[in-house]
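The next block is target_11.cif, given as mmCIF, N, CA and C atoms.
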data_query
loop_
_atom_site.group_PDB
_atom_site.id
_atom_site.type_symbol
_atom_site.label_atom_id
_atom_site.label_comp_id
_atom_site.auth_asym_id
_atom_site.auth_seq_id
_atom_site.Cartn_x
_atom_site.Cartn_y
_atom_site.Cartn_z
ATOM 1 N N MET A 1 91.072 36.112 134.305
ATOM 2 C CA MET A 1 90.387 37.021 135.198
ATOM 3 C C MET A 1 90.553 38.427 134.637
ATOM 4 N N TYR A 2 89.464 39.175 134.656
ATOM 5 C CA TYR A 2 89.468 40.556 134.181
ATOM 6 C C TYR A 2 89.277 41.496 135.367
ATOM 7 N N HIS A 3 90.094 42.514 135.436
ATOM 8 C CA HIS A 3 89.987 43.540 136.470
ATOM 9 C C HIS A 3 89.504 44.819 135.803
ATOM 10 N N ILE A 4 88.500 45.456 136.387
ATOM 11 C CA ILE A 4 87.933 46.677 135.832
ATOM 12 C C ILE A 4 88.311 47.835 136.755
ATOM 13 N N TYR A 5 88.903 48.859 136.158
ATOM 14 C CA TYR A 5 89.332 50.039 136.909
ATOM 15 C C TYR A 5 88.673 51.281 136.333
ATOM 16 N N THR A 6 88.407 52.270 137.198
ATOM 17 C CA THR A 6 88.058 53.603 136.717
ATOM 18 C C THR A 6 89.284 54.472 136.915
ATOM 19 N N ILE A 7 89.394 55.467 136.069
ATOM 20 C CA ILE A 7 90.537 56.366 136.127
ATOM 21 C C ILE A 7 90.035 57.765 135.792
ATOM 22 N N LYS A 8 90.434 58.757 136.576
ATOM 23 C CA LYS A 8 89.950 60.125 136.379
ATOM 24 C C LYS A 8 91.018 60.950 135.667
ATOM 25 N N ASN A 9 90.608 61.595 134.591
ATOM 26 C CA ASN A 9 91.482 62.488 133.822
ATOM 27 C C ASN A 9 92.794 61.822 133.409
ATOM 28 N N ARG A 10 92.728 60.521 133.127
ATOM 29 C CA ARG A 10 93.881 59.747 132.656
ATOM 30 C C ARG A 10 95.070 59.777 133.612
ATOM 31 N N SER A 11 94.813 59.935 134.900
ATOM 32 C CA SER A 11 95.861 59.985 135.910
ATOM 33 C C SER A 11 96.008 58.620 136.579
ATOM 34 N N GLU A 12 97.184 58.034 136.526
ATOM 35 C CA GLU A 12 97.435 56.733 137.161
ATOM 36 C C GLU A 12 97.191 56.778 138.658
ATOM 37 N N PHE A 13 97.313 57.956 139.260
ATOM 38 C CA PHE A 13 97.118 58.090 140.698
ATOM 39 C C PHE A 13 95.653 57.953 141.101
ATOM 40 N N SER A 14 94.746 58.064 140.143
ATOM 41 C CA SER A 14 93.323 57.966 140.452
ATOM 42 C C SER A 14 92.736 56.608 140.053
ATOM 43 N N LYS A 15 93.576 55.655 139.724
ATOM 44 C CA LYS A 15 93.127 54.334 139.283
ATOM 45 C C LYS A 15 92.494 53.580 140.456
ATOM 46 N N THR A 16 91.222 53.183 140.276
ATOM 47 C CA THR A 16 90.461 52.522 141.337
ATOM 48 C C THR A 16 89.848 51.230 140.815
ATOM 49 N N LEU A 17 90.089 50.129 141.519
ATOM 50 C CA LEU A 17 89.497 48.846 141.152
ATOM 51 C C LEU A 17 88.005 48.876 141.437
ATOM 52 N N VAL A 18 87.205 48.537 140.421
ATOM 53 C CA VAL A 18 85.755 48.552 140.538
ATOM 54 C C VAL A 18 85.208 47.140 140.705
ATOM 55 N N ALA A 19 85.719 46.185 139.911
ATOM 56 C CA ALA A 19 85.182 44.819 139.948
ATOM 57 C C ALA A 19 86.164 43.852 139.303
ATOM 58 N N GLU A 20 85.896 42.569 139.519
ATOM 59 C CA GLU A 20 86.640 41.486 138.876
ATOM 60 C C GLU A 20 85.619 40.504 138.321
ATOM 61 N N THR A 21 85.933 39.922 137.180
ATOM 62 C CA THR A 21 85.037 38.940 136.580
ATOM 63 C C THR A 21 85.841 38.020 135.668
ATOM 64 N N LYS A 22 85.263 36.876 135.354
ATOM 65 C CA LYS A 22 85.915 35.926 134.452
ATOM 66 C C LYS A 22 85.423 36.066 133.020
ATOM 67 N N ASP A 23 84.351 36.843 132.810
ATOM 68 C CA ASP A 23 83.741 36.984 131.495
ATOM 69 C C ASP A 23 84.070 38.350 130.889
ATOM 70 N N TYR A 24 84.595 38.360 129.665
ATOM 71 C CA TYR A 24 85.006 39.598 129.006
ATOM 72 C C TYR A 24 83.822 40.529 128.744
ATOM 73 N N ASP A 25 82.727 39.989 128.236
ATOM 74 C CA ASP A 25 81.552 40.813 127.942
ATOM 75 C C ASP A 25 80.986 41.446 129.218
ATOM 76 N N GLU A 26 80.966 40.686 130.281
ATOM 77 C CA GLU A 26 80.497 41.202 131.569
ATOM 78 C C GLU A 26 81.438 42.302 132.069
ATOM 79 N N ALA A 27 82.725 42.126 131.844
ATOM 80 C CA ALA A 27 83.706 43.140 132.248
ATOM 81 C C ALA A 27 83.453 44.460 131.535
ATOM 82 N N LEU A 28 83.170 44.397 130.235
ATOM 83 C CA LEU A 28 82.889 45.621 129.482
ATOM 84 C C LEU A 28 81.605 46.290 129.958
ATOM 85 N N GLN A 29 80.591 45.499 130.269
ATOM 86 C CA GLN A 29 79.333 46.058 130.769
ATOM 87 C C GLN A 29 79.548 46.761 132.110
ATOM 88 N N LYS A 30 80.289 46.118 133.004
ATOM 89 C CA LYS A 30 80.559 46.719 134.310
ATOM 90 C C LYS A 30 81.402 47.981 134.167
ATOM 91 N N ALA A 31 82.336 47.976 133.233
ATOM 92 C CA ALA A 31 83.195 49.143 133.012
ATOM 93 C C ALA A 31 82.373 50.326 132.524
ATOM 94 N N GLU A 32 81.502 50.079 131.559
ATOM 95 C CA GLU A 32 80.643 51.145 131.030
ATOM 96 C C GLU A 32 79.725 51.693 132.124
ATOM 97 N N LYS A 33 79.171 50.805 132.927
ATOM 98 C CA LYS A 33 78.267 51.228 133.986
ATOM 99 C C LYS A 33 79.004 52.034 135.063
ATOM 100 N N ALA A 34 80.261 51.682 135.326
ATOM 101 C CA ALA A 34 81.038 52.357 136.367
ATOM 102 C C ALA A 34 81.319 53.821 136.039
ATOM 103 N N ILE A 35 81.410 54.157 134.747
ATOM 104 C CA ILE A 35 81.705 55.547 134.385
ATOM 105 C C ILE A 35 80.480 56.291 133.869
ATOM 106 N N GLU A 36 79.360 55.616 133.809
ATOM 107 C CA GLU A 36 78.126 56.211 133.290
ATOM 108 C C GLU A 36 77.757 57.468 134.086
ATOM 109 N N GLY A 37 77.657 58.579 133.375
ATOM 110 C CA GLY A 37 77.258 59.834 133.995
ATOM 111 C C GLY A 37 78.352 60.571 134.745
ATOM 112 N N LYS A 38 79.585 60.082 134.685
ATOM 113 C CA LYS A 38 80.699 60.725 135.394
ATOM 114 C C LYS A 38 81.614 61.402 134.382
ATOM 115 N N ASP A 39 81.645 62.706 134.406
ATOM 116 C CA ASP A 39 82.514 63.456 133.498
ATOM 117 C C ASP A 39 83.974 63.305 133.908
ATOM 118 N N GLY A 40 84.846 63.138 132.938
ATOM 119 C CA GLY A 40 86.277 63.044 133.196
ATOM 120 C C GLY A 40 86.763 61.661 133.587
ATOM 121 N N TYR A 41 85.862 60.695 133.673
ATOM 122 C CA TYR A 41 86.250 59.335 134.040
ATOM 123 C C TYR A 41 86.330 58.442 132.813
ATOM 124 N N ASN A 42 87.294 57.550 132.822
ATOM 125 C CA ASN A 42 87.454 56.528 131.794
ATOM 126 C C ASN A 42 87.582 55.189 132.506
ATOM 127 N N TYR A 43 87.571 54.125 131.727
ATOM 128 C CA TYR A 43 87.767 52.806 132.323
ATOM 129 C C TYR A 43 88.933 52.093 131.655
ATOM 130 N N ILE A 44 89.480 51.143 132.384
ATOM 131 C CA ILE A 44 90.530 50.262 131.877
ATOM 132 C C ILE A 44 90.143 48.848 132.287
ATOM 133 N N VAL A 45 90.195 47.922 131.343
ATOM 134 C CA VAL A 45 89.958 46.507 131.637
ATOM 135 C C VAL A 45 91.287 45.788 131.395
ATOM 136 N N GLU A 46 91.782 45.127 132.440
ATOM 137 C CA GLU A 46 93.037 44.380 132.348
ATOM 138 C C GLU A 46 92.750 42.893 132.516
ATOM 139 N N GLU A 47 93.512 42.082 131.780
ATOM 140 C CA GLU A 47 93.387 40.628 131.885
ATOM 141 C C GLU A 47 94.647 40.081 132.543
ATOM 142 N N THR A 48 94.465 39.116 133.442
ATOM 143 C CA THR A 48 95.590 38.463 134.088
ATOM 144 C C THR A 48 95.313 36.965 134.186
ATOM 145 N N ASP A 49 96.374 36.190 134.125
ATOM 146 C CA ASP A 49 96.210 34.739 134.251
ATOM 147 C C ASP A 49 96.768 34.222 135.579
ATOM 148 N N GLY A 50 97.104 35.150 136.471
ATOM 149 C CA GLY A 50 97.620 34.760 137.779
ATOM 150 C C GLY A 50 99.127 34.731 137.853
ATOM 151 N N SER A 51 99.824 34.972 136.740
ATOM 152 C CA SER A 51 101.280 34.993 136.738
ATOM 153 C C SER A 51 101.788 36.245 137.449
ATOM 154 N N MET A 52 102.938 36.107 138.099
ATOM 155 C CA MET A 52 103.509 37.242 138.816
ATOM 156 C C MET A 52 104.928 37.517 138.326
ATOM 157 N N ASN A 53 105.341 38.764 138.469
ATOM 158 C CA ASN A 53 106.716 39.127 138.106
ATOM 159 C C ASN A 53 107.634 38.880 139.301
ATOM 160 N N SER A 54 108.887 39.247 139.177
ATOM 161 C CA SER A 54 109.860 38.979 140.232
ATOM 162 C C SER A 54 109.604 39.794 141.501
ATOM 163 N N TYR A 55 108.748 40.817 141.421
ATOM 164 C CA TYR A 55 108.398 41.624 142.583
ATOM 165 C C TYR A 55 107.128 41.122 143.273
ATOM 166 N N GLY A 56 106.526 40.071 142.766
ATOM 167 C CA GLY A 56 105.313 39.514 143.333
ATOM 168 C C GLY A 56 104.050 40.239 142.904
ATOM 169 N N GLU A 57 104.141 41.050 141.840
ATOM 170 C CA GLU A 57 102.987 41.781 141.327
ATOM 171 C C GLU A 57 102.368 41.000 140.181
ATOM 172 N N LEU A 58 101.035 41.032 140.083
ATOM 173 C CA LEU A 58 100.356 40.357 138.972
ATOM 174 C C LEU A 58 100.752 40.978 137.645
ATOM 175 N N ILE A 59 100.962 40.129 136.654
ATOM 176 C CA ILE A 59 101.234 40.601 135.299
ATOM 177 C C ILE A 59 99.888 40.754 134.609
ATOM 178 N N ALA A 60 99.578 41.981 134.195
ATOM 179 C CA ALA A 60 98.288 42.273 133.595
ATOM 180 C C ALA A 60 98.477 42.890 132.202
ATOM 181 N N THR A 61 97.535 42.597 131.327
ATOM 182 C CA THR A 61 97.526 43.145 129.968
ATOM 183 C C THR A 61 96.244 43.947 129.787
ATOM 184 N N VAL A 62 96.372 45.179 129.317
ATOM 185 C CA VAL A 62 95.203 46.008 129.061
ATOM 186 C C VAL A 62 94.519 45.466 127.810
ATOM 187 N N VAL A 63 93.232 45.118 127.940
ATOM 188 C CA VAL A 63 92.469 44.564 126.811
ATOM 189 C C VAL A 63 91.391 45.512 126.323
ATOM 190 N N ALA A 64 91.059 46.538 127.116
ATOM 191 C CA ALA A 64 90.049 47.526 126.680
ATOM 192 C C ALA A 64 90.222 48.812 127.467
ATOM 193 N N GLU A 65 89.981 49.926 126.782
ATOM 194 C CA GLU A 65 89.978 51.244 127.412
ATOM 195 C C GLU A 65 88.811 52.034 126.851
ATOM 196 N N GLY A 66 88.276 52.883 127.663
ATOM 197 C CA GLY A 66 87.172 53.688 127.161
ATOM 198 C C GLY A 66 86.994 54.953 127.934
#

Would you mind writing the structure in this file as structure tokens?
Amino acid sequence: MYHIYTIKNRSEFSKTLVAETKDYDEALQKAEKAIEGKDGYNYIVEETDGSMNSYGELIATVVAEG
């Protein structure tokens, strides 16, 4: 599963979930569309397999940034 986030000015406090998808190419398309025309915004695409850490949080790996 891929999670797509937008982030403003590289601030973790502004990280917002935009969409989820199972397809990597679709995730990149949605990420690009989410920041299209927005100055100061970037995207992060994270991949997760459903595994959780000891705190019950999903373990995610960043697979794309833009």

>> Here is a test: counting all atoms listed in the file, which residue of A:Ala27, A:Val18, A:Ile44, A:Ile7 is nearest to Gly66 of chain A?
In response: A:Ile44

>> Calculated over only C-alpha atoms, which of the candidates A:Thr61, A:Thr6, A:Ser54, A:Leu17 has the smallest distance to Glu32 of chain A?
In response: A:Thr6

> For Lys30 of chain A, which of A:Ala64, A:Ile4, A:Leu58, A:Met52 is the closest residue, counting only C-alpha atoms?
Replying inline: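 The closest residue to Lys30 of chain A is A:Ile4.
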
> Taking all atoms listed in the file into account, which of A:Tyr24, A:Asn9, A:Val62, A:Ala31 comes nearest Glu46 of chain A?
Replying inline: A:Val62

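Going from atom N of Glu20 of chain A over to atom CA of Asp39 of chain A, you cover 22.0 Å.
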
Take every atom of segment 41-46 of chain A listed in the file, pad by 6 Å on each side, and give me the axis-aligned box centre and edge lengths in Å, one decimal, as JSON.
{"center_x": 89.4, "center_y": 51.8, "center_z": 132.7, "size_x": 19.2, "size_y": 29.8, "size_z": 14.7}

>> Report, in Å to a single decimal, how far apart atom CA of Ser14 of chain A and atom C of Met1 of chain A are.
In response: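 Taking atom C of Met1 of chain A and atom CA of Ser14 of chain A, their separation equals 20.6 Å.
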
>> Between atom CA of Tyr55 of chain A and atom CA of Leu28 of chain A, what is the distance in Å, rounded to a tenth?
In response: 29.0 Å

>> When you count all atoms listed in the file, which of these residues is closest to Gly40 of chain A: A:His3, A:Lys15, A:Lys22, A:Arg10?
In response: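 With all atoms listed in the file as the atom set, the closest residue is A:Arg10.
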
> Tell me, which residues of chain A carry DSSP helix (DSSP H, G or I), written as a list in words?
Replying inline: Glu12, Phe13, Ser14, Tyr24, Asp25, Glu26, Ala27, Leu28, Gln29, Lys30, Ala31, Glu32, Lys33, Ala34 and Ile35 of chain A

>> Counting only C-alpha atoms, which residue out of A:Ile35, A:Ser11, A:Tyr2, A:Asp25 sits closest to Glu47 of chain A?
In response: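 Result for the nearest residue to Glu47 of chain A: A:Tyr2.
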
> If you run DSSP on the backbone, which residues of chain A are strand (DSSP E), as a PyMOL selection string?
Replying inline: chain A and resi 2-8+16-21+41-52+58-65

Atoms to include: N, CA and C atoms. Write the selected residues as a compact mmCIF listing (two decimals), in the coordinates of the input.
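Below is the file again.txt, written as the result:
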# COMPACT_ATOMS: atom_id res chain seq x y z
N TYR A 2 89.46 39.17 134.66
CA TYR A 2 89.47 40.56 134.18
C TYR A 2 89.28 41.50 135.37
N HIS A 3 90.09 42.51 135.44
CA HIS A 3 89.99 43.54 136.47
C HIS A 3 89.50 44.82 135.80
N ILE A 4 88.50 45.46 136.39
CA ILE A 4 87.93 46.68 135.83
C ILE A 4 88.31 47.84 136.76
N TYR A 5 88.90 48.86 136.16
CA TYR A 5 89.33 50.04 136.91
C TYR A 5 88.67 51.28 136.33
N THR A 6 88.41 52.27 137.20
CA THR A 6 88.06 53.60 136.72
C THR A 6 89.28 54.47 136.92
N ILE A 7 89.39 55.47 136.07
CA ILE A 7 90.54 56.37 136.13
C ILE A 7 90.04 57.76 135.79
N LYS A 8 90.43 58.76 136.58
CA LYS A 8 89.95 60.12 136.38
C LYS A 8 91.02 60.95 135.67
N THR A 16 91.22 53.18 140.28
CA THR A 16 90.46 52.52 141.34
C THR A 16 89.85 51.23 140.82
N LEU A 17 90.09 50.13 141.52
CA LEU A 17 89.50 48.85 141.15
C LEU A 17 88.00 48.88 141.44
N VAL A 18 87.20 48.54 140.42
CA VAL A 18 85.76 48.55 140.54
C VAL A 18 85.21 47.14 140.71
N ALA A 19 85.72 46.18 139.91
CA ALA A 19 85.18 44.82 139.95
C ALA A 19 86.16 43.85 139.30
N GLU A 20 85.90 42.57 139.52
CA GLU A 20 86.64 41.49 138.88
C GLU A 20 85.62 40.50 138.32
N THR A 21 85.93 39.92 137.18
CA THR A 21 85.04 38.94 136.58
C THR A 21 85.84 38.02 135.67
N TYR A 41 85.86 60.70 133.67
CA TYR A 41 86.25 59.34 134.04
C TYR A 41 86.33 58.44 132.81
N ASN A 42 87.29 57.55 132.82
CA ASN A 42 87.45 56.53 131.79
C ASN A 42 87.58 55.19 132.51
N TYR A 43 87.57 54.12 131.73
CA TYR A 43 87.77 52.81 132.32
C TYR A 43 88.93 52.09 131.66
N ILE A 44 89.48 51.14 132.38
CA ILE A 44 90.53 50.26 131.88
C ILE A 44 90.14 48.85 132.29
N VAL A 45 90.20 47.92 131.34
CA VAL A 45 89.96 46.51 131.64
C VAL A 45 91.29 45.79 131.40
N GLU A 46 91.78 45.13 132.44
CA GLU A 46 93.04 44.38 132.35
C GLU A 46 92.75 42.89 132.52
N GLU A 47 93.51 42.08 131.78
CA GLU A 47 93.39 40.63 131.88
C GLU A 47 94.65 40.08 132.54
N THR A 48 94.46 39.12 133.44
CA THR A 48 95.59 38.46 134.09
C THR A 48 95.31 36.97 134.19
N ASP A 49 96.37 36.19 134.12
CA ASP A 49 96.21 34.74 134.25
C ASP A 49 96.77 34.22 135.58
N GLY A 50 97.10 35.15 136.47
CA GLY A 50 97.62 34.76 137.78
C GLY A 50 99.13 34.73 137.85
N SER A 51 99.82 34.97 136.74
CA SER A 51 101.28 34.99 136.74
C SER A 51 101.79 36.24 137.45
N MET A 52 102.94 36.11 138.10
CA MET A 52 103.51 37.24 138.82
C MET A 52 104.93 37.52 138.33
N LEU A 58 101.04 41.03 140.08
CA LEU A 58 100.36 40.36 138.97
C LEU A 58 100.75 40.98 137.65
N ILE A 59 100.96 40.13 136.65
CA ILE A 59 101.23 40.60 135.30
C ILE A 59 99.89 40.75 134.61
N ALA A 60 99.58 41.98 134.20
CA ALA A 60 98.29 42.27 133.60
C ALA A 60 98.48 42.89 132.20
N THR A 61 97.54 42.60 131.33
CA THR A 61 97.53 43.14 129.97
C THR A 61 96.24 43.95 129.79
N VAL A 62 96.37 45.18 129.32
CA VAL A 62 95.20 46.01 129.06
C VAL A 62 94.52 45.47 127.81
N VAL A 63 93.23 45.12 127.94
CA VAL A 63 92.47 44.56 126.81
C VAL A 63 91.39 45.51 126.32
N ALA A 64 91.06 46.54 127.12
CA ALA A 64 90.05 47.53 126.68
C ALA A 64 90.22 48.81 127.47
N GLU A 65 89.98 49.93 126.78
CA GLU A 65 89.98 51.24 127.41
C GLU A 65 88.81 52.03 126.85
